[in-house]
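Asks: Pasting in a structure now, in C-alpha cells, and then I'll have a few things to ask.
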Amino acid sequence: MLVRSYRSAFILLFTALLVLTTAAVAFNAYRRAAEVSLGLSEDIIDQMSDKVVERTLAIFEAAYADLEINALLARDGQYPRGAGSGPWEAVTDQGLTAERDAVFRLFWKQLELEPHLLSVFAADPEGGFLLVRARPQLVTRWIDRGGERPREQVIYRDRDYAPIAHIEGGGLFDPREQGWYQGALAARGAVTWSPVYRIASVERPGITAAKTVYGADGKPALVVGVDIALDGLSEFLSDHPVAKGAAAMIVDEGGRLVAYPYHLRLKDRARDAPEEYMPAVSDLADPALVHAYATLAGATADRSGATDEAPVGFEIAGTGGARYLARMQAFPSRWTPGWRLFVVVPEASLLAKARRLLDSLGKDRVA
C-alpha cells in the first residue's frame, strides 16, 4: 500500500513537472515569437508610413514644379492677359486666341502627365481667366474682361482634346474674389497652399496652390494656380494595407480625414452638414479607431521638444478588450503643416504568427 502511494506520488509529480516544463517552454517560445512579431511589425509600419509620406510629398512636388514652370513662362511673356494690359504686349484678337489655345494645350499636357492634378489655371488683375480641368470631364474655360462686356466660353472636350460642346457665358465668375487669388497676392511671390477642402466637382478632398507673377513694373501681372485632388491617396491606402484589419489614415491639423481606406465606415452624416463638410476621425464608425487617435493625439500634444516630431507608437487598449499597436507620424511641414499619418493595427493580427507557432508546438507535443 505504501509502495503504491509512493509510486503514484512520483508519477503525479513527474507529470506535473512535465506539464509545467512544457508550458514554460511553450510560453517562452510564444513570448519570444511575439516580441519578434511586434518588432518586425513596427518595422513594417515604419516602412509603410515612409511610403505614404513619400507618395504624398511626390504629389505636392509635382504640382509645385508645374506651378513654378507656369510662373516662369508668365514672367517670360508667354501668357496673354488681354490687349494693352500692364507689362504684357498688346496683341490682336486673332493673336490672343492663338496664344490662349497654346496655353490650354500646355495645361492639358500637365494634367495628362500628373493624374493627381484636377485643374490648372491662370488669372490676371483685370479678371481674365484661363482654366483646364481634367475631371469629371475635360473642360477648357476662358473669361475675357478686356472689352465693354465680359466674354466667357466653356468647351467640353474628349480625352484627345477634340471639342464636344461649346457653352457661352456672361463671365459672372470673378477669380479676383477667390481665396486662392487673394492669398497669392498676400504671399508676394511665394507659393500658397490652401487648407484641405472638399472639391465639389469630384466630391473628394483637395488643395489649391497658387503663386503671383510680377511684371517689369513690380506690379502683379498674373496669378497661376493648380487644384490637387487627394482621392488617389485614399486609393493607395486602400490597396496597400499594413496588415489584416489595419487602417492607415492621413489627418490634417484639425483632425479631419484627408485620406483613408475606403473599407472604413463613417457615421451617418448630419442632415444640416454643409456641402463642403469633410469627415473627421471622430466620424469613424469604429470606436476603437476613435479612441486610439484620441489617445495618440493627446500623447503627442503632451510632448515637448523640436518641431520635427518622431513617430509616437505604443500599445493601447481598445473597445471590448482588444489591443492595438498605434503610430502617429508628423508630415514634413513645407507643404502639409499639421498633417499626420495615423496607423492602427490590431495586436491579434500582429501576433497571428506567434500563435501559429504555439499551436505547432502543441501539436508536436501531442504527436
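Residue names in the C-alpha cells use chain letters A, B, ... in the order shown, residue numbers from 1 in each chain, and ligand numbers from 1 in the order shown.
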Got a sec to tell me which of range 148-180 of chain A DSSP assigns to helix (DSSP H, G or I), as a list in words?

Replies: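 Here are the helix (DSSP H, G or I) residues of range 148-180 of chain A: Pro175, Arg176, Glu177, Gly179 and Trp180 of chain A.
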
Asks: Just the selected residues (C-alpha atoms), exported as a PDB file, in the first residue's frame, please.

Replies:
ATOM      1  CA  PRO A 175     -11.234  84.957 -59.981  1.00  0.00           C
ATOM      2  CA  ARG A 176     -10.144  88.046 -58.068  1.00  0.00           C
ATOM      3  CA  GLU A 177     -12.760  87.281 -55.414  1.00  0.00           C
ATOM      4  CA  GLY A 179      -9.365  82.923 -51.673  1.00  0.00           C
ATOM      5  CA  TRP A 180      -6.518  81.439 -53.719  1.00  0.00           C
TER       6      TRP A 180
END

Asks: Find the residues near Leu284 in chain A: any atom within 12 Å, counting only C-alpha atoms, skip ones fewer than 6 places away on the same chain, and give them as a PyMOL selection string.

Replies: chain A and resi 247+249+255-257+260-269+278+290-293

Asks: If you measure from CA of Leu67 in chain A to CA of Val53 in chain A, what distance in Å do you get, rounded to one decimal?

Replies: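 Atom-to-atom, CA of Leu67 in chain A to CA of Val53 in chain A, that is 21.1 Å.
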
Asks: Identify, on the basis of only C-alpha atoms, every residue whose closest approach to Phe129 in chain A does not exceed 8 Å; exclude the query and any residue fewer than 3 positions from it along the same chain; express the result as a PyMOL selection string.

Replies: chain A and resi 121-124+141-144+175

Asks: Restricting the calculation to only C-alpha atoms: of A:Val281, A:Arg149, A:Thr212, A:His116, which residue gets closest to Leu341 in chain A?

Replies: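 Of A:Val281, A:Arg149, A:Thr212, A:His116, the one nearest Leu341 in chain A is A:Val281, counting only C-alpha atoms.
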
Asks: Do you know which residues are at most 6 Å from Val139 in chain A counting only C-alpha atoms, after dropping those on the same chain fewer than 6 positions away, and could you put them as an mmCIF file with C-alpha atoms, in the first residue's frame?

Replies:
data_model
loop_
_atom_site.group_PDB
_atom_site.id
_atom_site.type_symbol
_atom_site.label_atom_id
_atom_site.label_comp_id
_atom_site.auth_asym_id
_atom_site.auth_seq_id
_atom_site.Cartn_x
_atom_site.Cartn_y
_atom_site.Cartn_z
ATOM 1 C CA VAL A 132 -8.251 73.496 -67.985
ATOM 2 C CA ARG A 133 -9.981 70.935 -65.755
ATOM 3 C CA ILE A 155 -15.623 73.938 -74.152
ATOM 4 C CA TYR A 156 -16.185 70.321 -73.181
ATOM 5 C CA ARG A 157 -13.607 68.052 -74.794
#

Asks: Mind checking DSSP for range 93-302 of chain A and telling me the strand (DSSP E) residues as a short mmCIF file (atom, residue, chain, number, x, y, z; two decimals) with C-alpha atoms, in the first residue's frame?

Replies:
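Result written to part_33.cif:
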data_model
loop_
_atom_site.label_atom_id
_atom_site.label_comp_id
_atom_site.auth_asym_id
_atom_site.auth_seq_id
_atom_site.Cartn_x
_atom_site.Cartn_y
_atom_site.Cartn_z
CA LEU A 117 -3.86 67.45 -60.77
CA LEU A 118 -7.51 68.29 -61.13
CA SER A 119 -7.12 71.64 -62.89
CA VAL A 120 -4.51 74.21 -63.95
CA PHE A 121 -5.42 77.88 -64.32
CA ALA A 122 -4.26 81.49 -64.56
CA ALA A 123 -5.94 84.81 -63.72
CA PHE A 129 -9.22 83.74 -66.51
CA LEU A 130 -7.88 80.62 -68.27
CA LEU A 131 -8.55 77.12 -66.91
CA VAL A 132 -8.25 73.50 -67.99
CA ARG A 133 -9.98 70.94 -65.76
CA VAL A 139 -13.00 71.26 -69.93
CA THR A 140 -11.30 74.44 -71.13
CA ARG A 141 -12.65 77.77 -69.92
CA TRP A 142 -11.71 81.35 -70.60
CA ILE A 143 -13.06 84.68 -69.40
CA ASP A 144 -12.04 87.94 -71.06
CA ARG A 151 -16.93 87.27 -72.54
CA GLU A 152 -16.79 83.64 -71.42
CA GLN A 153 -16.56 80.31 -73.20
CA VAL A 154 -16.56 76.79 -71.80
CA ILE A 155 -15.62 73.94 -74.15
CA TYR A 156 -16.19 70.32 -73.18
CA ARG A 157 -13.61 68.05 -74.79
CA PRO A 163 -14.22 69.72 -78.70
CA ILE A 164 -17.56 68.13 -77.87
CA ALA A 165 -19.74 71.07 -76.85
CA HIS A 166 -19.44 74.86 -76.52
CA ILE A 167 -21.17 76.99 -73.89
CA GLU A 168 -21.11 80.79 -73.93
CA GLY A 169 -21.33 82.56 -70.58
CA THR A 192 0.47 79.48 -51.14
CA TRP A 193 -1.33 76.25 -50.22
CA TYR A 197 -11.38 71.34 -48.61
CA ARG A 198 -13.99 69.25 -50.38
CA ILE A 199 -13.84 69.81 -54.14
CA ARG A 204 -13.22 64.43 -52.78
CA PRO A 205 -10.78 66.38 -50.62
CA GLY A 206 -8.30 68.60 -52.39
CA ILE A 207 -5.92 71.53 -52.10
CA THR A 208 -5.34 74.63 -54.24
CA ALA A 209 -1.87 76.09 -54.73
CA ALA A 210 -1.25 79.50 -56.30
CA LYS A 211 1.54 81.96 -56.99
CA THR A 212 1.68 85.61 -58.09
CA VAL A 213 3.82 86.60 -61.06
CA TYR A 214 5.06 90.20 -61.15
CA PRO A 220 1.10 91.79 -60.01
CA ALA A 221 0.71 90.64 -63.60
CA LEU A 222 -0.76 87.16 -63.20
CA VAL A 223 -1.71 84.54 -60.64
CA VAL A 224 -1.13 80.93 -61.68
CA GLY A 225 -2.58 78.01 -59.78
CA VAL A 226 -3.40 74.31 -59.63
CA ASP A 227 -6.08 72.23 -57.93
CA ILE A 228 -4.81 68.96 -56.47
CA ALA A 229 -7.22 66.08 -55.88
CA ALA A 247 -6.01 51.10 -41.01
CA ALA A 248 -3.75 53.93 -42.13
CA MET A 249 -5.12 57.46 -42.38
CA ILE A 250 -3.81 60.91 -43.22
CA VAL A 251 -5.22 63.51 -40.83
CA LEU A 257 -9.62 62.80 -42.71
CA VAL A 258 -7.52 63.86 -45.69
CA ALA A 259 -7.25 60.26 -46.92
#

Asks: When you count only C-alpha atoms, which of these residues is closest to Gly232 in chain A: A:Ala190, A:Val345, A:Val52, A:Ala162?

Replies: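 Closest candidate: A:Val52.
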
Asks: Could you name the residues that touch Pro337 in chain A at 9 Å or less, counting only C-alpha atoms, but leaving out those on the same chain fewer than 5 positions away, as a list in words?

Replies: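 The contact residues come out as Asp252, Glu253, Ala330, Phe331 and Pro332 of chain A.
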
Asks: Next, write the just-selected residues to a file, as a PDB file, in the first residue's frame, keeping N, CA and C atoms as the atom set.

Replies:
ATOM      1  N   ASP A 252      -5.429  65.936 -41.025  1.00  0.00           N
ATOM      2  CA  ASP A 252      -4.891  67.290 -41.012  1.00  0.00           C
ATOM      3  C   ASP A 252      -4.846  67.849 -39.598  1.00  0.00           C
ATOM      4  N   GLU A 253      -4.475  69.123 -39.486  1.00  0.00           N
ATOM      5  CA  GLU A 253      -4.277  69.723 -38.162  1.00  0.00           C
ATOM      6  C   GLU A 253      -5.572  69.805 -37.360  1.00  0.00           C
ATOM      7  N   ALA A 330       4.334  62.705 -37.920  1.00  0.00           N
ATOM      8  CA  ALA A 330       4.120  64.035 -38.490  1.00  0.00           C
ATOM      9  C   ALA A 330       4.687  64.096 -39.904  1.00  0.00           C
ATOM     10  N   PHE A 331       3.977  64.798 -40.791  1.00  0.00           N
ATOM     11  CA  PHE A 331       4.474  65.048 -42.137  1.00  0.00           C
ATOM     12  C   PHE A 331       5.450  66.223 -42.109  1.00  0.00           C
ATOM     13  N   PRO A 332       6.378  66.265 -43.066  1.00  0.00           N
ATOM     14  CA  PRO A 332       7.185  67.480 -43.194  1.00  0.00           C
ATOM     15  C   PRO A 332       6.268  68.682 -43.405  1.00  0.00           C
TER      16      PRO A 332
END
